[in-house]
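Novice: So here's input.cif (mmCIF, C-alpha atoms).
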```cif
data_target
loop_
_atom_site.label_atom_id
_atom_site.label_comp_id
_atom_site.auth_asym_id
_atom_site.auth_seq_id
_atom_site.Cartn_x
_atom_site.Cartn_y
_atom_site.Cartn_z
CA VAL A 30 10.08 14.54 21.25
CA SER A 31 11.68 11.50 19.65
CA GLN A 32 8.42 10.12 18.28
CA ARG A 33 7.50 13.41 16.61
CA GLY A 34 10.75 13.62 14.70
CA ILE A 35 12.01 16.76 16.42
CA THR A 36 15.56 17.39 15.17
CA ARG A 37 16.65 19.89 17.80
CA PHE A 38 15.48 20.30 21.41
CA ILE A 39 16.39 23.22 23.68
CA GLY A 40 15.17 23.05 27.26
CA ILE A 41 14.82 26.16 29.44
CA GLY A 42 14.15 25.91 33.14
CA GLU A 43 15.59 24.09 36.13
CA ALA A 44 13.02 21.27 35.99
CA LEU A 45 13.88 20.39 32.40
CA LYS A 46 17.59 20.66 33.08
CA ARG A 47 17.29 18.18 35.98
CA ASN A 48 15.74 15.68 33.55
CA ALA A 49 18.22 16.22 30.71
CA SER A 50 19.13 12.54 30.61
CA LYS A 51 15.62 11.64 29.42
CA PHE A 52 16.00 13.70 26.21
CA PRO A 53 17.96 13.03 23.02
CA PRO A 54 21.73 13.27 23.63
CA ASP A 55 22.24 16.35 21.44
CA SER A 56 19.69 18.40 23.41
CA VAL A 57 20.88 21.52 25.27
CA PHE A 58 19.53 23.04 28.47
CA TYR A 59 19.57 26.41 30.22
CA ASN A 60 18.52 27.43 33.71
CA ASP A 61 16.44 30.39 32.52
CA THR A 62 15.66 32.56 29.51
CA ASP A 63 18.36 35.09 30.38
CA GLU A 64 21.04 32.40 30.29
CA PHE A 65 19.73 31.16 26.95
CA LEU A 66 19.74 34.64 25.40
CA ARG A 67 23.27 35.32 26.63
CA ASN A 68 24.78 32.08 25.40
CA TYR A 69 22.83 30.67 22.46
CA SER A 70 24.03 31.38 18.92
CA PHE A 71 20.94 31.98 16.80
CA SER A 72 23.01 31.53 13.65
CA GLN A 73 22.71 27.78 14.32
CA LEU A 74 19.07 27.90 13.25
CA GLN A 75 18.82 27.56 9.49
CA ASN A 76 15.73 26.50 7.49
CA GLU A 77 13.96 25.17 10.57
CA THR A 78 10.48 25.47 11.99
CA VAL A 79 10.71 26.61 15.60
CA LEU A 80 8.02 25.89 18.20
CA LEU A 81 8.19 28.01 21.36
CA LYS A 82 6.21 26.50 24.21
CA GLY A 83 6.37 27.46 27.89
CA ALA A 84 4.69 29.21 30.81
CA ARG A 85 4.40 33.01 30.85
CA MET A 86 6.94 33.23 33.66
CA PHE A 87 9.69 32.31 31.17
CA HIS A 88 8.94 35.34 28.92
CA PHE A 89 9.52 33.45 25.68
CA GLU A 90 8.21 36.48 23.79
CA ARG A 91 11.76 37.84 24.16
CA ILE A 92 13.02 34.85 22.18
CA ALA A 93 10.27 35.24 19.59
CA LYS A 94 11.25 38.85 19.04
CA LEU A 95 14.83 37.85 18.25
CA LEU A 96 13.72 35.02 15.95
CA GLN A 97 11.47 37.41 14.03
CA ARG A 98 14.17 40.02 13.54
CA LYS A 99 14.23 40.96 9.86
CA SER A 100 15.92 43.38 7.51
CA HIS A 101 12.68 44.55 5.90
CA GLU A 102 9.71 46.26 7.50
CA THR A 103 7.11 44.62 5.25
CA ILE A 104 5.86 41.14 6.13
CA MET A 105 3.08 38.82 5.01
CA GLU A 106 0.95 37.18 7.69
CA VAL A 107 -0.85 33.91 6.95
CA ASN A 108 -3.89 33.09 9.08
CA LEU A 109 -4.35 29.31 9.17
CA ASP A 110 -7.55 29.64 11.22
CA ALA A 111 -9.04 31.62 8.34
CA LEU A 112 -7.95 28.88 5.94
CA VAL A 113 -9.78 26.25 8.01
CA ARG A 114 -12.91 28.40 8.18
CA ASN A 115 -12.88 28.81 4.39
CA LEU A 116 -12.36 25.07 3.98
CA ASN A 117 -15.32 24.31 6.22
CA TYR A 118 -17.52 26.79 4.35
CA TYR A 119 -16.91 25.01 1.05
CA ARG A 120 -17.36 21.65 2.75
CA SER A 121 -20.80 22.81 3.81
CA ARG A 122 -21.66 23.39 0.13
CA ILE A 123 -20.95 19.84 -1.07
CA GLN A 124 -22.44 16.44 -0.31
CA PRO A 125 -20.90 14.59 2.67
CA THR A 126 -19.78 11.80 0.34
CA THR A 127 -18.05 14.15 -2.12
CA LYS A 128 -14.27 14.17 -1.77
CA LEU A 129 -12.27 17.37 -1.67
CA MET A 130 -9.05 18.07 -3.54
CA ALA A 131 -7.18 21.21 -2.41
CA MET A 132 -4.83 23.20 -4.63
CA VAL A 133 -1.46 24.00 -3.06
CA LYS A 134 0.38 24.85 -6.27
CA ALA A 135 2.61 27.93 -6.65
CA PHE A 136 3.68 27.88 -3.00
CA SER A 137 -0.02 27.67 -2.04
CA TYR A 138 -0.66 30.91 -3.91
CA GLY A 139 2.17 32.49 -1.94
CA ALA A 140 0.90 31.42 1.48
CA GLY A 141 3.49 28.68 2.16
CA ASN A 142 2.98 25.22 0.71
CA VAL A 143 4.28 23.08 3.60
CA GLU A 144 2.39 24.98 6.31
CA ILE A 145 -0.82 25.03 4.28
CA ALA A 146 -0.50 21.36 3.34
CA ASN A 147 0.05 20.36 6.96
CA THR A 148 -3.10 22.23 7.97
CA LEU A 149 -5.13 20.61 5.19
CA GLN A 150 -3.80 17.17 6.06
CA PHE A 151 -4.76 17.71 9.71
CA ASN A 152 -8.25 18.72 8.57
CA HIS A 153 -8.67 15.57 6.46
CA VAL A 154 -8.88 16.79 2.88
CA ASP A 155 -8.72 13.88 0.47
CA TYR A 156 -6.18 15.09 -2.10
CA LEU A 157 -3.61 17.81 -2.69
CA THR A 158 -2.62 19.17 -6.08
CA VAL A 159 0.61 20.90 -7.11
CA ALA A 160 1.87 22.16 -10.47
CA TYR A 161 5.29 20.51 -10.61
CA THR A 162 7.06 17.49 -9.20
CA ASP A 163 9.53 19.50 -7.09
CA GLU A 164 6.57 20.99 -5.20
CA GLY A 165 5.31 17.49 -4.42
CA GLN A 166 8.79 16.39 -3.45
CA GLU A 167 9.06 19.20 -0.90
CA LEU A 168 5.73 18.18 0.63
CA ARG A 169 6.79 14.54 0.91
CA GLN A 170 10.08 15.59 2.53
CA ASN A 171 8.10 17.53 5.13
CA GLY A 172 5.82 14.73 6.24
CA ILE A 173 2.82 15.11 3.91
CA THR A 174 1.36 11.65 3.28
CA LEU A 175 -1.85 12.61 1.46
CA PRO A 176 -2.25 11.64 -2.20
CA ILE A 177 -0.76 14.41 -4.34
CA MET A 178 -1.64 15.01 -7.99
CA ILE A 179 1.01 16.61 -10.24
CA MET A 180 -0.59 18.86 -12.87
CA ASN A 181 2.49 19.23 -15.10
CA PRO A 182 4.49 16.00 -14.98
CA GLU A 183 7.70 16.42 -16.97
CA GLU A 184 9.47 13.47 -18.52
CA ASP A 185 12.67 13.93 -16.54
CA SER A 186 10.68 13.91 -13.29
CA PHE A 187 8.95 10.53 -13.78
CA ASP A 188 11.44 8.67 -11.60
CA ASN A 189 10.83 11.07 -8.71
CA ILE A 190 7.07 10.87 -9.21
CA ILE A 191 7.20 7.10 -8.85
CA ARG A 192 9.72 7.11 -6.00
CA LEU A 193 7.72 9.62 -3.96
CA ASN A 194 4.34 8.06 -4.78
CA LEU A 195 3.03 11.20 -6.48
CA GLU A 196 0.23 10.89 -9.04
CA PRO A 197 0.61 12.46 -12.49
CA ASP A 198 -2.02 14.24 -14.55
CA ILE A 199 -2.07 12.46 -17.92
CA TYR A 200 -3.34 14.77 -20.66
CA SER A 201 -1.94 13.34 -23.94
CA PHE A 202 -1.05 10.02 -25.51
CA ARG A 203 2.60 11.04 -25.54
CA ILE A 204 2.69 11.61 -21.77
CA LEU A 205 0.68 8.44 -21.19
CA ASP A 206 3.07 6.25 -23.16
CA LEU A 207 6.21 7.83 -21.72
CA PHE A 208 4.98 7.51 -18.15
CA ALA A 209 3.75 3.95 -18.68
CA GLU A 210 7.20 3.06 -19.97
CA SER A 211 8.79 4.38 -16.77
CA ALA A 212 6.20 2.74 -14.53
CA ALA A 213 6.65 -0.63 -16.21
CA LEU A 214 10.35 -0.55 -15.37
CA CYS A 215 9.94 0.49 -11.72
CA CYS A 216 6.62 -0.72 -10.37
CA GLN A 217 5.29 -4.13 -9.45
CA ASN A 218 1.70 -2.88 -9.18
CA PRO A 219 -0.30 -0.53 -11.43
CA PHE A 220 0.69 3.08 -10.66
CA PRO A 221 -2.08 5.66 -9.98
CA ILE A 222 -2.70 8.31 -12.63
CA HIS A 223 -5.34 10.98 -13.37
CA ILE A 224 -6.86 11.54 -16.82
CA GLU A 225 -7.57 15.11 -17.95
CA LEU A 226 -10.25 15.82 -20.55
CA ASP A 227 -10.50 19.08 -22.49
CA THR A 228 -14.17 20.08 -22.50
CA GLY A 229 -13.66 23.73 -23.41
CA MET A 230 -10.76 25.45 -21.68
CA HIS A 231 -8.43 24.27 -24.47
CA ARG A 232 -5.32 24.19 -22.36
CA LEU A 233 -4.43 20.55 -21.72
CA GLY A 234 -6.40 17.33 -22.03
CA PHE A 235 -7.80 14.67 -24.32
CA MET A 236 -10.48 15.74 -26.79
CA GLN A 237 -13.78 14.05 -27.63
CA ASP A 238 -12.35 12.19 -30.60
CA ASP A 239 -9.66 10.68 -28.35
CA ILE A 240 -12.00 8.95 -25.91
CA GLU A 241 -12.38 5.60 -27.71
CA ARG A 242 -8.67 5.26 -28.45
CA LEU A 243 -7.81 6.43 -24.92
CA GLY A 244 -10.01 3.77 -23.36
CA GLU A 245 -8.45 1.06 -25.50
CA ARG A 246 -4.93 2.22 -24.64
CA LEU A 247 -5.68 2.34 -20.92
CA LEU A 248 -7.06 -1.19 -21.10
CA GLU A 249 -3.82 -2.31 -22.71
CA LEU A 250 -1.90 -0.68 -19.86
CA LYS A 251 -4.15 -1.88 -17.01
CA ASN A 252 -1.28 -3.84 -15.43
CA VAL A 253 0.97 -0.76 -15.56
CA VAL A 254 -1.23 2.20 -14.63
CA SER A 255 -4.45 2.57 -12.65
CA VAL A 256 -6.84 5.47 -13.31
CA LYS A 257 -7.73 7.13 -9.98
CA SER A 258 -9.78 9.95 -11.44
CA VAL A 259 -11.03 11.61 -14.64
CA PHE A 260 -11.38 15.39 -14.56
CA SER A 261 -11.76 18.56 -16.58
CA HIS A 262 -11.40 22.34 -16.02
CA LEU A 263 -14.24 24.86 -16.17
CA ALA A 264 -13.15 27.90 -18.18
CA CYS A 265 -15.52 30.56 -16.80
CA SER A 266 -17.63 29.12 -13.99
CA GLU A 267 -17.57 32.45 -12.13
CA ASP A 268 -19.25 34.39 -14.98
CA PRO A 269 -23.09 34.27 -15.10
CA ALA A 270 -22.98 35.48 -18.71
CA MET A 271 -21.19 32.25 -19.63
CA ASP A 272 -23.42 29.84 -17.71
CA ASP A 273 -24.69 28.14 -20.89
CA PHE A 274 -21.10 27.44 -21.91
CA THR A 275 -20.29 26.13 -18.41
CA ARG A 276 -23.31 23.83 -18.40
CA GLY A 277 -22.21 22.61 -21.81
CA GLN A 278 -18.79 21.75 -20.38
CA ILE A 279 -20.39 19.88 -17.49
CA SER A 280 -22.63 17.96 -19.89
CA LYS A 281 -19.72 17.04 -22.17
CA PHE A 282 -17.66 15.90 -19.21
CA GLY A 283 -20.47 13.72 -17.89
CA GLU A 284 -20.85 12.05 -21.28
CA TRP A 285 -17.13 11.61 -22.01
CA SER A 286 -16.19 10.38 -18.55
CA SER A 287 -19.07 7.88 -18.57
CA ARG A 288 -17.89 6.51 -21.91
CA LEU A 289 -14.38 6.15 -20.60
CA LYS A 290 -15.50 4.46 -17.39
CA ARG A 291 -17.68 2.01 -19.34
CA VAL A 292 -14.68 1.00 -21.44
CA LEU A 293 -12.49 0.59 -18.37
CA GLY A 294 -15.23 -1.14 -16.40
CA ASP A 295 -14.20 0.57 -13.17
CA ASP A 296 -16.88 2.31 -11.10
CA GLY A 297 -14.27 3.34 -8.52
CA ILE A 298 -12.84 6.07 -10.76
CA ALA A 299 -13.60 9.52 -9.29
CA CYS A 300 -14.95 12.22 -11.60
CA HIS A 301 -14.44 15.93 -10.88
CA ILE A 302 -14.91 19.19 -12.75
CA LEU A 303 -15.95 21.85 -10.21
CA ASN A 304 -13.53 24.54 -9.08
CA SER A 305 -14.13 27.08 -6.29
CA SER A 306 -16.78 29.06 -8.18
CA GLY A 307 -18.28 25.88 -9.56
CA ILE A 308 -18.81 24.50 -6.05
CA THR A 309 -21.08 27.39 -5.11
CA ARG A 310 -22.73 28.04 -8.48
CA PHE A 311 -23.23 24.51 -9.86
CA PRO A 312 -23.71 22.24 -6.80
CA GLU A 313 -25.63 19.71 -8.88
CA ALA A 314 -22.31 18.80 -10.56
CA ASP A 315 -20.22 18.04 -7.48
CA MET A 316 -19.92 14.38 -8.66
CA ASP A 317 -17.31 12.31 -6.78
CA MET A 318 -14.85 15.10 -5.94
CA VAL A 319 -14.36 18.87 -6.22
CA ARG A 320 -11.18 20.94 -6.55
CA LEU A 321 -10.91 23.85 -4.17
CA GLY A 322 -8.44 26.52 -5.26
CA ILE A 323 -8.48 30.27 -4.78
CA GLY A 324 -11.65 30.14 -2.66
CA LEU A 325 -9.72 28.25 -0.01
CA TYR A 326 -7.51 31.32 0.35
CA GLY A 327 -10.46 33.65 0.92
CA ILE A 328 -11.14 35.04 -2.55
CA SER A 329 -14.38 34.79 -4.54
CA PRO A 330 -15.72 36.92 -7.41
CA ASP A 331 -19.22 36.41 -5.97
CA PRO A 332 -19.99 39.08 -3.33
CA GLU A 333 -22.49 36.79 -1.62
CA VAL A 334 -19.89 34.05 -1.24
CA GLN A 335 -17.18 36.53 -0.27
CA LYS A 336 -19.22 37.42 2.83
CA PHE A 337 -18.50 33.96 4.20
CA LEU A 338 -14.80 33.90 3.40
CA GLN A 339 -11.86 35.34 5.27
CA PRO A 340 -8.59 36.43 3.64
CA VAL A 341 -5.80 34.04 4.54
CA SER A 342 -2.90 36.38 3.75
CA ARG A 343 -2.27 40.05 4.39
CA LEU A 344 0.69 42.34 3.92
CA LYS A 345 1.77 44.53 6.83
CA THR A 346 4.27 47.34 6.67
CA GLN A 347 5.50 50.36 8.61
CA ILE A 348 5.00 53.89 7.36
CA SER A 349 8.37 55.51 6.81
CA GLN A 350 7.20 59.12 6.85
CA ILE A 351 4.07 61.28 6.64
CA LYS A 352 4.18 64.79 5.15
CA ASP A 353 1.64 67.56 4.65
CA ILE A 354 2.25 68.88 1.13
CA PRO A 355 0.59 72.14 0.00
CA SER A 356 -1.45 72.04 -3.20
CA PHE A 357 0.44 72.90 -6.37
CA ALA A 358 -1.62 76.06 -6.97
CA ARG A 359 -0.87 77.45 -3.51
CA ALA A 360 2.79 76.47 -3.69
CA PHE A 361 3.09 78.13 -7.12
CA SER A 362 1.38 81.36 -6.08
CA ASN A 363 3.61 81.66 -3.01
CA SER A 364 6.85 81.14 -4.94
CA ASN A 365 9.17 83.94 -6.05
CA THR A 366 9.67 82.59 -9.58
CA THR A 367 8.85 84.73 -12.61
CA THR A 368 8.65 81.79 -15.02
CA LYS A 369 5.68 82.09 -17.36
CA ARG A 370 2.81 79.64 -16.94
CA ASN A 371 3.22 78.22 -20.45
CA THR A 372 6.62 76.95 -19.41
CA PHE A 373 4.79 74.07 -17.68
CA SER A 374 2.76 73.03 -20.73
#
```
Would you give me this structure, written as structure tokens?
Specialist:
Amino acid sequence: VSQRGITRFIGIGEALKRNASKFPPDSVFYNDTDEFLRNYSFSQLQNETVLLKGARMFHFERIAKLLQRKSHETIMEVNLDALVRNLNYYRSRIQPTTKLMAMVKAFSYGAGNVEIANTLQFNHVDYLTVAYTDEGQELRQNGITLPIMIMNPEEDSFDNIIRLNLEPDIYSFRILDLFAESAALCCQNPFPIHIELDTGMHRLGFMQDDIERLGERLLELKNVVSVKSVFSHLACSEDPAMDDFTRGQISKFGEWSSRLKRVLGDDGIACHILNSSGITRFPEADMDMVRLGIGLYGISPDPEVQKFLQPVSRLKTQISQIKDIPSFARAFSNSNTTTKRNTFS
């Protein structure tokens, strides 16, 4: 219990109570489940993850029912087994040497970022990606040690990025220079960054004409920042009608990233451009790493791929009432009203 960082331990059963001295001093013990339910104040549990573990004879399902008590009748269930199955499906579609970066931005698409990240860490993904620094901070505070890329590093978050060993996406010279300035003040060793290239989505990233200047600037900053990866986003990899455009993006990225790597002289820089649809539709471009996003959560626009995926989240609710309502025509003909039909026009 102590080694795993458990912050609160409650023992139920005579055997545990006899051995109370072996547990942390703030632990509490009860002879049986009935005594616990009569005396424990559940209001003490706030923002905690609770693990219930015990033999069937203790009937811990009674405790679970109280813990799950809620004011609304609609809940969302998240199936982590389905997540792992989806992860393994996409792993089967890439080379064994290709690394896998998993997207856990936007609260893991609503599925719970800490829980999802813990599952991915246990299943040995190579990288996690979030949108903002506060998302990465929450993961670090909850025991996530994997490398985490920040897609939208904001200037006022640079100190936290460095302190928490998060890795920023660098997409412009302005962000590069501002972050390098912060890193130079705080870091003894070059700080890891990721370089984004704009090959056609036209959202964020360096353009073709920037490559030479970018390489020169990164060389100047080699003692301040260290490029871990170079990447780009596919704009429409799921659409067969746009395959020529997608292949053009892949070709541009291969050329631009190679130019940049030649300037930097570092073959250890990972290149990645494939998203979920790209993994299944353009396997020849898996390169050094792929980024698995919405497919991880069981969604694919390709019906053939969808057959292998399982939805991770589902909404469940209770029906409040069911009524049999007569058709309007029958209800109208049976009424006693004398209102003319054109009144309803």
Novice: Just so the selection is clear, what residues does the PyMOL selection byres ((chain A and resi 117) around 12) cover here, as a list in words?
Specialist: Asp110, Ala111, Leu112, Val113, Arg114, Asn115, Leu116, Tyr118, Tyr119, Arg120, Ser121, Arg122, Ile123, Pro125, Leu129, Leu149, Asn152, His153, Val154, Leu321, Gly324, Leu325, Gly327, Phe337, Leu338 and Gln339 of chain A
Novice: Check what the PyMOL selection byres ((chain A and resi 286) around 9) selects in the file above and give those residues as a ChimeraX atom specification.
Specialist: /A:226,240,259-260,281-285,287-291,300
Novice: Figure out the distance between CA of Val334 in chain A and CA of Glu225 in chain A, please, to one decimal in Å.
Specialist: 28.1 Å
Novice: Enclose all atoms of range 344-349 of chain A listed in the file in an axis-aligned box, grow every side by 4 Å, and hand back centre and edge lengths in Å to one decimal, as lines of an AutoDock Vina configuration file.
Specialist:
```
center_x = 4.5
center_y = 48.9
center_z = 6.3
size_x = 15.7
size_y = 21.2
size_z = 12.7
```
Novice: Between CA of Asn194 in chain A and CA of Gly34 in chain A, what is the distance, to one decimal in Å?
Specialist: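 Taking CA of Asn194 in chain A as the start and CA of Gly34 in chain A as the end point, the length is 21.2 Å.
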Novice: Which value, in Å to one decimal, gives the distance between CA of Gln73 in chain A and CA of Ile35 in chain A?
Specialist: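 These atoms are spaced 15.5 Å apart.
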Novice: Hey, what comes out of the PyMOL selection byres ((chain A and resi 247-253) around 10) on this file? Could you write it as a PDB file with C-alpha atoms, in the frame of the given file?
Specialist:
```pdb
ATOM      1  CA  LEU A 205       0.680   8.440 -21.190  1.00  0.00           C
ATOM      2  CA  ASP A 206       3.070   6.250 -23.160  1.00  0.00           C
ATOM      3  CA  PHE A 208       4.980   7.510 -18.150  1.00  0.00           C
ATOM      4  CA  ALA A 209       3.750   3.950 -18.680  1.00  0.00           C
ATOM      5  CA  GLU A 210       7.200   3.060 -19.970  1.00  0.00           C
ATOM      6  CA  SER A 211       8.790   4.380 -16.770  1.00  0.00           C
ATOM      7  CA  ALA A 212       6.200   2.740 -14.530  1.00  0.00           C
ATOM      8  CA  ALA A 213       6.650  -0.630 -16.210  1.00  0.00           C
ATOM      9  CA  LEU A 214      10.350  -0.550 -15.370  1.00  0.00           C
ATOM     10  CA  CYS A 215       9.940   0.490 -11.720  1.00  0.00           C
ATOM     11  CA  CYS A 216       6.620  -0.720 -10.370  1.00  0.00           C
ATOM     12  CA  GLN A 217       5.290  -4.130  -9.450  1.00  0.00           C
ATOM     13  CA  ASN A 218       1.700  -2.880  -9.180  1.00  0.00           C
ATOM     14  CA  PRO A 219      -0.300  -0.530 -11.430  1.00  0.00           C
ATOM     15  CA  PHE A 220       0.690   3.080 -10.660  1.00  0.00           C
ATOM     16  CA  PRO A 221      -2.080   5.660  -9.980  1.00  0.00           C
ATOM     17  CA  ARG A 242      -8.670   5.260 -28.450  1.00  0.00           C
ATOM     18  CA  LEU A 243      -7.810   6.430 -24.920  1.00  0.00           C
ATOM     19  CA  GLY A 244     -10.010   3.770 -23.360  1.00  0.00           C
ATOM     20  CA  GLU A 245      -8.450   1.060 -25.500  1.00  0.00           C
ATOM     21  CA  ARG A 246      -4.930   2.220 -24.640  1.00  0.00           C
ATOM     22  CA  VAL A 254      -1.230   2.200 -14.630  1.00  0.00           C
ATOM     23  CA  SER A 255      -4.450   2.570 -12.650  1.00  0.00           C
ATOM     24  CA  VAL A 256      -6.840   5.470 -13.310  1.00  0.00           C
ATOM     25  CA  LEU A 289     -14.380   6.150 -20.600  1.00  0.00           C
ATOM     26  CA  VAL A 292     -14.680   1.000 -21.440  1.00  0.00           C
ATOM     27  CA  LEU A 293     -12.490   0.590 -18.370  1.00  0.00           C
ATOM     28  CA  GLY A 294     -15.230  -1.140 -16.400  1.00  0.00           C
TER      29      GLY A 294
END
```
Novice: Looking at all atoms listed in the file, which of A:Phe65, A:Phe52, A:Phe311, A:Phe38 is the one that sits closest to Thr78 in chain A?
Specialist: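 So, comparing all the options, the nearest one is A:Phe38.
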